[in-house]
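Source file: target.cif. Holds: mmCIF, N, CA and C atoms and all ligand atoms.
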```cif
data_model
#
loop_
_atom_site.label_atom_id
_atom_site.label_comp_id
_atom_site.auth_asym_id
_atom_site.auth_seq_id
_atom_site.Cartn_x
_atom_site.Cartn_y
_atom_site.Cartn_z
N MET A 2 30.94 -28.96 2.51
CA MET A 2 29.86 -28.67 1.58
C MET A 2 29.18 -27.36 1.95
N ALA A 3 29.40 -26.40 1.12
CA ALA A 3 28.80 -25.08 1.38
C ALA A 3 27.37 -25.05 0.89
N LYS A 4 26.61 -24.29 1.60
CA LYS A 4 25.22 -24.13 1.21
C LYS A 4 25.14 -23.24 -0.02
N GLU A 5 24.30 -23.63 -0.96
CA GLU A 5 24.17 -22.84 -2.19
C GLU A 5 23.54 -21.48 -1.90
N LYS A 6 24.16 -20.48 -2.49
CA LYS A 6 23.59 -19.14 -2.32
C LYS A 6 22.40 -18.97 -3.25
N LYS A 7 21.39 -18.33 -2.71
CA LYS A 7 20.22 -18.06 -3.54
C LYS A 7 20.47 -16.85 -4.42
N ALA A 8 19.87 -16.85 -5.57
CA ALA A 8 20.03 -15.72 -6.49
C ALA A 8 19.44 -14.46 -5.87
N LYS A 9 20.07 -13.34 -6.17
CA LYS A 9 19.56 -12.07 -5.65
C LYS A 9 18.18 -11.79 -6.23
N GLY A 10 17.31 -11.24 -5.42
CA GLY A 10 15.98 -10.90 -5.90
C GLY A 10 14.97 -12.02 -5.74
N SER A 11 15.43 -13.22 -5.34
CA SER A 11 14.47 -14.29 -5.14
C SER A 11 13.71 -14.04 -3.83
N MET A 12 12.49 -14.44 -3.81
CA MET A 12 11.61 -14.13 -2.69
C MET A 12 11.50 -15.36 -1.80
N PRO A 13 11.86 -15.26 -0.52
CA PRO A 13 11.67 -16.41 0.36
C PRO A 13 10.18 -16.68 0.58
N ASN A 14 9.83 -17.92 0.68
CA ASN A 14 8.42 -18.34 0.87
C ASN A 14 7.52 -17.82 -0.25
N LYS A 15 8.02 -17.85 -1.46
CA LYS A 15 7.24 -17.32 -2.58
C LYS A 15 5.93 -18.07 -2.74
N ASN A 16 6.00 -19.40 -2.56
CA ASN A 16 4.77 -20.18 -2.74
C ASN A 16 3.71 -19.83 -1.70
N VAL A 17 4.14 -19.47 -0.49
CA VAL A 17 3.17 -19.08 0.54
C VAL A 17 2.52 -17.74 0.18
N HIS A 18 3.34 -16.81 -0.32
CA HIS A 18 2.80 -15.50 -0.74
C HIS A 18 1.81 -15.68 -1.89
N LEU A 19 2.16 -16.58 -2.82
CA LEU A 19 1.26 -16.83 -3.95
C LEU A 19 -0.05 -17.44 -3.47
N ARG A 20 0.06 -18.33 -2.49
CA ARG A 20 -1.14 -18.98 -1.95
C ARG A 20 -2.04 -17.96 -1.26
N LEU A 21 -1.43 -17.06 -0.47
CA LEU A 21 -2.20 -16.03 0.23
C LEU A 21 -2.90 -15.13 -0.79
N SER A 22 -2.16 -14.76 -1.84
CA SER A 22 -2.74 -13.90 -2.86
C SER A 22 -3.90 -14.59 -3.57
N PHE A 23 -3.71 -15.88 -3.87
CA PHE A 23 -4.77 -16.62 -4.55
C PHE A 23 -6.02 -16.70 -3.68
N LEU A 24 -5.83 -16.99 -2.39
CA LEU A 24 -6.98 -17.12 -1.50
C LEU A 24 -7.76 -15.81 -1.41
N HIS A 25 -7.05 -14.69 -1.34
CA HIS A 25 -7.74 -13.40 -1.26
C HIS A 25 -8.45 -13.08 -2.56
N GLN A 26 -7.80 -13.37 -3.68
CA GLN A 26 -8.44 -13.11 -4.98
C GLN A 26 -9.66 -13.98 -5.18
N ALA A 27 -9.57 -15.25 -4.77
CA ALA A 27 -10.72 -16.15 -4.91
C ALA A 27 -11.88 -15.69 -4.05
N ALA A 28 -11.58 -15.23 -2.84
CA ALA A 28 -12.64 -14.76 -1.94
C ALA A 28 -13.31 -13.52 -2.50
N SER A 29 -12.52 -12.57 -3.02
CA SER A 29 -13.15 -11.36 -3.55
C SER A 29 -13.89 -11.65 -4.85
N TYR A 30 -13.41 -12.63 -5.62
CA TYR A 30 -14.13 -13.01 -6.84
C TYR A 30 -15.51 -13.58 -6.48
N LEU A 31 -15.52 -14.48 -5.50
CA LEU A 31 -16.79 -15.09 -5.09
C LEU A 31 -17.74 -14.05 -4.50
N ALA A 32 -17.17 -13.07 -3.78
CA ALA A 32 -18.02 -12.07 -3.15
C ALA A 32 -18.64 -11.13 -4.18
N HIS A 33 -17.90 -10.83 -5.26
CA HIS A 33 -18.40 -9.83 -6.20
C HIS A 33 -19.16 -10.42 -7.38
N ASN A 34 -18.81 -11.62 -7.79
CA ASN A 34 -19.53 -12.24 -8.91
C ASN A 34 -20.51 -13.25 -8.33
N ALA A 35 -21.65 -12.72 -7.90
CA ALA A 35 -22.59 -13.48 -7.08
C ALA A 35 -23.02 -14.80 -7.69
N GLY A 36 -23.67 -14.76 -8.83
CA GLY A 36 -24.25 -16.00 -9.35
C GLY A 36 -23.58 -16.50 -10.60
N GLY A 37 -22.37 -16.11 -10.88
CA GLY A 37 -21.70 -16.55 -12.09
C GLY A 37 -22.05 -15.64 -13.24
N PRO A 38 -21.59 -15.97 -14.44
CA PRO A 38 -21.88 -15.14 -15.61
C PRO A 38 -23.38 -15.00 -15.86
N ALA A 39 -23.77 -13.88 -16.46
CA ALA A 39 -25.19 -13.57 -16.64
C ALA A 39 -25.90 -14.62 -17.48
N GLU A 40 -25.20 -15.16 -18.51
CA GLU A 40 -25.88 -16.12 -19.38
C GLU A 40 -26.19 -17.44 -18.66
N LEU A 41 -25.43 -17.74 -17.60
CA LEU A 41 -25.71 -18.96 -16.85
C LEU A 41 -26.90 -18.78 -15.92
N ARG A 42 -27.13 -17.54 -15.48
CA ARG A 42 -28.23 -17.30 -14.54
C ARG A 42 -29.58 -17.41 -15.24
N GLY A 43 -29.67 -16.92 -16.46
CA GLY A 43 -30.86 -17.09 -17.29
C GLY A 43 -32.16 -16.63 -16.68
N ASN A 44 -32.97 -17.56 -16.15
CA ASN A 44 -34.33 -17.27 -15.74
C ASN A 44 -34.42 -16.27 -14.60
N GLU A 45 -33.41 -16.21 -13.74
CA GLU A 45 -33.48 -15.31 -12.59
C GLU A 45 -33.65 -13.86 -13.04
N GLU A 46 -32.99 -13.49 -14.12
CA GLU A 46 -33.04 -12.10 -14.57
C GLU A 46 -34.41 -11.75 -15.13
N THR A 47 -35.10 -12.72 -15.73
CA THR A 47 -36.39 -12.41 -16.33
C THR A 47 -37.51 -12.36 -15.30
N ASP A 48 -37.27 -12.94 -14.12
CA ASP A 48 -38.29 -12.93 -13.08
C ASP A 48 -38.50 -11.51 -12.58
N ALA A 49 -39.74 -11.00 -12.67
CA ALA A 49 -40.02 -9.61 -12.32
C ALA A 49 -39.85 -9.36 -10.83
N ASN A 50 -40.16 -10.34 -10.00
CA ASN A 50 -40.09 -10.13 -8.55
C ASN A 50 -38.66 -10.03 -8.04
N SER A 51 -37.74 -10.66 -8.72
CA SER A 51 -36.36 -10.72 -8.22
C SER A 51 -35.69 -9.36 -8.24
N ARG A 52 -36.19 -8.43 -9.05
CA ARG A 52 -35.55 -7.11 -9.14
C ARG A 52 -35.78 -6.30 -7.86
N SER A 53 -37.00 -6.37 -7.32
CA SER A 53 -37.30 -5.56 -6.15
C SER A 53 -36.72 -6.16 -4.87
N VAL A 54 -36.59 -7.48 -4.81
CA VAL A 54 -36.08 -8.13 -3.61
C VAL A 54 -34.55 -8.13 -3.66
N LYS A 55 -33.94 -7.68 -2.58
CA LYS A 55 -32.48 -7.69 -2.50
C LYS A 55 -32.03 -9.11 -2.16
N ARG A 56 -31.34 -9.72 -3.13
CA ARG A 56 -30.92 -11.10 -2.92
C ARG A 56 -29.71 -11.16 -2.02
N PRO A 57 -29.65 -12.16 -1.13
CA PRO A 57 -28.46 -12.30 -0.30
C PRO A 57 -27.30 -12.79 -1.16
N ARG A 58 -26.09 -12.49 -0.74
CA ARG A 58 -24.92 -12.92 -1.49
C ARG A 58 -24.75 -14.43 -1.28
N PRO A 59 -24.71 -15.18 -2.37
CA PRO A 59 -24.76 -16.64 -2.25
C PRO A 59 -23.47 -17.28 -1.75
N HIS A 60 -22.34 -16.67 -1.95
CA HIS A 60 -21.08 -17.34 -1.62
C HIS A 60 -20.47 -16.84 -0.32
N THR A 61 -21.29 -16.35 0.59
CA THR A 61 -20.77 -15.78 1.82
C THR A 61 -19.97 -16.81 2.62
N ALA A 62 -20.50 -18.02 2.74
CA ALA A 62 -19.82 -19.04 3.54
C ALA A 62 -18.48 -19.42 2.93
N GLN A 63 -18.44 -19.54 1.59
CA GLN A 63 -17.18 -19.90 0.94
C GLN A 63 -16.17 -18.76 1.05
N THR A 64 -16.66 -17.52 0.93
CA THR A 64 -15.76 -16.37 1.08
C THR A 64 -15.14 -16.36 2.47
N ARG A 65 -15.98 -16.57 3.48
CA ARG A 65 -15.48 -16.60 4.85
C ARG A 65 -14.47 -17.72 5.04
N HIS A 66 -14.77 -18.88 4.47
CA HIS A 66 -13.87 -20.03 4.61
C HIS A 66 -12.51 -19.72 4.00
N LEU A 67 -12.52 -19.13 2.79
CA LEU A 67 -11.26 -18.81 2.12
C LEU A 67 -10.46 -17.78 2.91
N LEU A 68 -11.15 -16.77 3.43
CA LEU A 68 -10.43 -15.72 4.16
C LEU A 68 -9.92 -16.24 5.50
N SER A 69 -10.68 -17.09 6.16
CA SER A 69 -10.19 -17.64 7.43
C SER A 69 -9.01 -18.58 7.16
N HIS A 70 -9.06 -19.31 6.03
CA HIS A 70 -7.95 -20.16 5.62
C HIS A 70 -6.71 -19.31 5.34
N MET A 71 -6.91 -18.18 4.67
CA MET A 71 -5.80 -17.28 4.37
C MET A 71 -5.15 -16.78 5.66
N LYS A 72 -5.98 -16.39 6.64
CA LYS A 72 -5.42 -15.93 7.91
C LYS A 72 -4.65 -17.04 8.60
N GLY A 73 -5.19 -18.27 8.52
CA GLY A 73 -4.52 -19.41 9.14
C GLY A 73 -3.17 -19.70 8.50
N VAL A 74 -3.11 -19.63 7.17
CA VAL A 74 -1.86 -19.89 6.45
C VAL A 74 -0.83 -18.83 6.82
N SER A 75 -1.25 -17.57 6.89
CA SER A 75 -0.29 -16.51 7.22
C SER A 75 0.18 -16.65 8.66
N ARG A 76 -0.70 -17.08 9.54
CA ARG A 76 -0.31 -17.26 10.94
C ARG A 76 0.68 -18.41 11.08
N LYS A 77 0.40 -19.51 10.40
CA LYS A 77 1.26 -20.67 10.54
C LYS A 77 2.63 -20.45 9.92
N SER A 78 2.68 -19.76 8.79
CA SER A 78 3.97 -19.53 8.13
C SER A 78 4.65 -18.26 8.61
N VAL A 79 4.03 -17.59 9.60
CA VAL A 79 4.58 -16.37 10.20
C VAL A 79 4.90 -15.34 9.12
N ILE A 80 3.93 -15.09 8.27
CA ILE A 80 4.05 -14.07 7.23
C ILE A 80 2.91 -13.08 7.45
N ARG A 81 3.25 -11.81 7.53
CA ARG A 81 2.21 -10.80 7.72
C ARG A 81 1.44 -10.59 6.44
N LEU A 82 0.14 -10.40 6.62
CA LEU A 82 -0.69 -10.04 5.47
C LEU A 82 -0.39 -8.58 5.13
N GLN A 83 -0.50 -8.25 3.84
CA GLN A 83 -0.30 -6.86 3.45
C GLN A 83 -1.40 -5.99 4.07
N LYS A 84 -1.05 -4.73 4.29
CA LYS A 84 -1.97 -3.83 4.97
C LYS A 84 -3.31 -3.72 4.24
N ASP A 85 -3.24 -3.57 2.92
CA ASP A 85 -4.49 -3.38 2.17
C ASP A 85 -5.31 -4.66 2.10
N VAL A 86 -4.66 -5.81 2.22
CA VAL A 86 -5.40 -7.08 2.26
C VAL A 86 -6.04 -7.26 3.63
N LYS A 87 -5.25 -6.99 4.66
CA LYS A 87 -5.71 -7.19 6.02
C LYS A 87 -6.90 -6.29 6.35
N ARG A 88 -6.91 -5.10 5.76
CA ARG A 88 -7.98 -4.16 6.06
C ARG A 88 -9.30 -4.52 5.41
N THR A 89 -9.29 -5.50 4.50
CA THR A 89 -10.54 -5.90 3.85
C THR A 89 -11.16 -7.13 4.49
N VAL A 90 -10.57 -7.61 5.60
CA VAL A 90 -11.11 -8.81 6.25
C VAL A 90 -11.58 -8.44 7.65
N CYS A 91 -12.81 -8.85 7.99
CA CYS A 91 -13.36 -8.57 9.31
C CYS A 91 -12.65 -9.43 10.35
N LYS A 92 -12.31 -8.83 11.48
CA LYS A 92 -11.66 -9.57 12.55
C LYS A 92 -12.62 -10.52 13.25
N GLY A 93 -13.89 -10.14 13.29
CA GLY A 93 -14.85 -10.92 14.05
C GLY A 93 -15.35 -12.14 13.33
N CYS A 94 -15.69 -12.00 12.03
CA CYS A 94 -16.36 -13.11 11.35
C CYS A 94 -15.68 -13.48 10.03
N ASP A 95 -14.51 -12.94 9.72
CA ASP A 95 -13.76 -13.23 8.49
C ASP A 95 -14.55 -12.91 7.23
N GLN A 96 -15.45 -11.95 7.32
CA GLN A 96 -16.23 -11.52 6.15
C GLN A 96 -15.40 -10.53 5.35
N LEU A 97 -15.56 -10.54 4.03
CA LEU A 97 -14.88 -9.55 3.19
C LEU A 97 -15.56 -8.20 3.40
N LEU A 98 -14.79 -7.20 3.78
CA LEU A 98 -15.35 -5.87 4.04
C LEU A 98 -15.29 -5.04 2.77
N ASP A 99 -16.40 -4.97 2.05
CA ASP A 99 -16.49 -4.10 0.88
C ASP A 99 -17.68 -3.17 1.07
N ASP A 100 -18.07 -2.47 0.01
CA ASP A 100 -19.13 -1.48 0.14
C ASP A 100 -20.47 -2.10 0.53
N GLN A 101 -20.72 -3.34 0.11
CA GLN A 101 -22.00 -3.97 0.40
C GLN A 101 -22.07 -4.53 1.82
N SER A 102 -20.95 -5.01 2.34
CA SER A 102 -21.00 -5.71 3.62
C SER A 102 -20.44 -4.89 4.78
N SER A 103 -20.12 -3.63 4.54
CA SER A 103 -19.60 -2.82 5.64
C SER A 103 -20.06 -1.38 5.50
N THR A 104 -20.00 -0.66 6.61
CA THR A 104 -20.37 0.75 6.63
C THR A 104 -19.15 1.56 7.01
N ARG A 105 -18.82 2.58 6.21
CA ARG A 105 -17.65 3.40 6.49
C ARG A 105 -18.08 4.79 6.92
N THR A 106 -17.58 5.21 8.07
CA THR A 106 -17.85 6.56 8.56
C THR A 106 -16.55 7.15 9.10
N VAL A 107 -16.49 8.46 9.10
CA VAL A 107 -15.34 9.16 9.69
C VAL A 107 -15.82 9.78 10.98
N GLU A 108 -15.14 9.49 12.08
CA GLU A 108 -15.53 10.08 13.35
C GLU A 108 -14.34 10.79 13.99
N ASN A 109 -14.66 11.77 14.79
CA ASN A 109 -13.64 12.55 15.49
C ASN A 109 -14.14 12.74 16.91
N LYS A 110 -13.53 12.02 17.86
CA LYS A 110 -14.01 12.06 19.24
C LYS A 110 -13.29 13.08 20.09
N SER A 111 -12.45 13.93 19.46
CA SER A 111 -11.84 15.01 20.25
C SER A 111 -12.93 16.03 20.56
N LYS A 112 -12.67 16.94 21.44
CA LYS A 112 -13.69 17.87 21.95
C LYS A 112 -14.39 18.60 20.81
N GLY A 113 -15.51 18.03 20.37
CA GLY A 113 -16.29 18.66 19.30
C GLY A 113 -15.53 18.77 17.99
N GLY A 114 -14.62 17.86 17.74
CA GLY A 114 -13.85 17.90 16.50
C GLY A 114 -12.79 18.98 16.49
N ALA A 115 -12.33 19.37 17.69
CA ALA A 115 -11.34 20.46 17.79
C ALA A 115 -10.00 20.06 17.17
N LYS A 116 -9.67 18.78 17.21
CA LYS A 116 -8.39 18.34 16.65
C LYS A 116 -8.65 17.62 15.33
N PRO A 117 -8.41 18.29 14.22
CA PRO A 117 -8.71 17.67 12.92
C PRO A 117 -7.83 16.45 12.64
N TRP A 118 -6.67 16.34 13.26
CA TRP A 118 -5.78 15.20 13.04
C TRP A 118 -6.24 13.95 13.80
N ALA A 119 -7.28 14.10 14.62
CA ALA A 119 -7.79 12.97 15.39
C ALA A 119 -8.90 12.23 14.65
N SER A 120 -9.14 12.57 13.40
CA SER A 120 -10.19 11.89 12.64
C SER A 120 -9.81 10.43 12.40
N VAL A 121 -10.81 9.57 12.53
CA VAL A 121 -10.59 8.13 12.41
C VAL A 121 -11.63 7.58 11.45
N LEU A 122 -11.17 6.74 10.50
CA LEU A 122 -12.11 6.06 9.61
C LEU A 122 -12.58 4.79 10.31
N VAL A 123 -13.90 4.66 10.50
CA VAL A 123 -14.45 3.49 11.17
C VAL A 123 -15.14 2.63 10.13
N VAL A 124 -14.66 1.39 9.97
CA VAL A 124 -15.28 0.44 9.06
C VAL A 124 -16.01 -0.59 9.91
N LYS A 125 -17.35 -0.58 9.81
CA LYS A 125 -18.14 -1.47 10.65
C LYS A 125 -18.72 -2.59 9.81
N CYS A 126 -18.50 -3.82 10.24
CA CYS A 126 -19.02 -4.99 9.54
C CYS A 126 -20.53 -5.08 9.75
N ASN A 127 -21.29 -5.24 8.67
CA ASN A 127 -22.74 -5.33 8.79
C ASN A 127 -23.19 -6.68 9.29
N THR A 128 -22.33 -7.69 9.22
CA THR A 128 -22.70 -9.04 9.65
C THR A 128 -22.60 -9.20 11.16
N CYS A 129 -21.45 -8.85 11.74
CA CYS A 129 -21.24 -9.10 13.16
C CYS A 129 -21.12 -7.82 13.98
N GLY A 130 -21.00 -6.67 13.34
CA GLY A 130 -20.94 -5.41 14.07
C GLY A 130 -19.56 -5.03 14.57
N THR A 131 -18.54 -5.82 14.25
CA THR A 131 -17.19 -5.47 14.67
C THR A 131 -16.70 -4.25 13.90
N ALA A 132 -16.06 -3.32 14.59
CA ALA A 132 -15.58 -2.10 13.95
C ALA A 132 -14.06 -2.09 13.91
N LYS A 133 -13.52 -1.64 12.77
CA LYS A 133 -12.08 -1.42 12.65
C LYS A 133 -11.86 0.07 12.51
N ARG A 134 -10.81 0.57 13.14
CA ARG A 134 -10.54 2.01 13.11
C ARG A 134 -9.18 2.26 12.50
N PHE A 135 -9.15 3.18 11.54
CA PHE A 135 -7.89 3.53 10.89
C PHE A 135 -7.70 5.03 10.95
N PRO A 136 -6.51 5.49 11.29
CA PRO A 136 -6.26 6.94 11.26
C PRO A 136 -6.34 7.46 9.83
N THR A 137 -6.91 8.64 9.67
CA THR A 137 -7.03 9.19 8.31
C THR A 137 -5.99 10.27 8.08
ZN ZN B 201 -17.80 -9.25 10.84
#
```
Since I need it in another form, could you write the structure as structure tokens?
Amino acid sequence: MAKEKKAKGSMPNKNVHLRLSFLHQAASYLAHNAGGPAELRGNEETDANSRSVKRPRPHTAQTRHLLSHMKGVSRKSVIRLQKDVKRTVCKGCDQLLDDQSSTRTVENKSKGGAKPWASVLVVKCNTCGTAKRFPT
């Protein structure tokens, strides 16, 4: 009994890749759409005081849970996360690193910036202070 050959172009562990993609999309959705659609929020928008006060992001814990789950799934199934996905997750606290929750700076620690190719993009998490460095 010969083992059936898989069709060309089929992706091994497709369901795991789909799961990882879903978890990342769900986390970024929760992080960016804070309180749901505007019509559901209703009274919050009419409150005059709420405009001046910067509201905390409500789904931070769920976002972290989804992203830590995503990292766990990729670790267990021995599948690497894509580079652009991996770079949006904090190593320290599993927070989604976007414009609101992280600080991006370019630093060059060569002698007074003498080597322009030594520039490094530093993404610092505002929650835990962990920094990620990427060559630019
Ligand atoms: Zn962090």
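Minimum atom-to-atom distance to ligand ZN 201 (chain B), evaluated using only N, CA and C atoms and all ligand atoms, belongs to A:Cys94 out of A:Leu82, A:Val121, A:Val74, A:Cys94.
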Q | Within 6.5 Å of region 62-64 of chain A using all atoms listed in the file, minus same-chain residues under 2 positions, as a list in words | A |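 Near neighbours after the sequence-gap exclusion: Ala27, Ala28, Ser29, Leu31, Ala32, Pro59, His60, His66, Leu67, Leu68, Ser69, Asp95, Gln96 and Leu97 of chain A.
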(Q) Measuring between only C-alpha atoms, which one of A:Cys129, A:Ala119, A:Cys91, A:Val17 shows the shortest distance to Val79 (chain A)? (A)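 Among the listed residues, A:Val17 lies closest to Val79 (chain A).
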Q) Between A:Asn16, A:Asn109, A:Thr131, A:Ser75, which one has atoms that come closest to ligand ZN 201 (chain B), using all atoms listed in the file? A)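 Among the listed residues, the smallest separation from ligand ZN 201 (chain B) belongs to A:Thr131.
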Q: Please measure the separation of CA of Val90 (chain A) and CA of Asn127 (chain A), giving the value in Å to one decimal.
A: 12.4 Å
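One distance worth recording is that between atom N of Glu108 (chain A) and atom N of Thr89 (chain A), which is 17.8 Å.
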Q. Between A:Thr137, A:Gln83, A:Ser22, A:Thr61, which one has atoms that come closest to ligand ZN 201 (chain B), using only C-alpha atoms and all ligand atoms?
A.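 Closest residue, counting only C-alpha atoms and all ligand atoms: A:Thr61.
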Q: Compare A:Ser120, A:Ile80, A:Lys112, A:Val107 by their minimum atom-to-atom distance to Leu19 (chain A), counting only C-alpha atoms, and give me the closest one.
A: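 Looking only at the distances to Leu19 (chain A), the closest residue turns out to be A:Ile80.
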**Q.** Counting all atoms listed in the file, the residue of A:Val124, A:Met71, A:Leu98, A:Met12 that sits nearest His25 (chain A)
**A.**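 Nearest to His25 (chain A): A:Met71.
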**Q.** Separation of atom N of Asp99 (chain A) from CA of Phe23 (chain A), in Å and rounded to one decimal
**A.** 17.7 Å
Q: From a DSSP pass on the backbone, collect the residues of region 61-119 of chain A flagged as helix (DSSP H, G or I) and hand them back as a list in words.
A: Thr61, Ala62, Gln63, Thr64, Arg65, His66, Leu67, Leu68, Ser69, His70, Met71, Lys72, Gly73, Val74, Ser75, Arg76, Lys77, Lys84, Asp85, Val86, Lys87, Lys112, Gly113, Gly114, Pro117, Trp118 and Ala119 of chain A
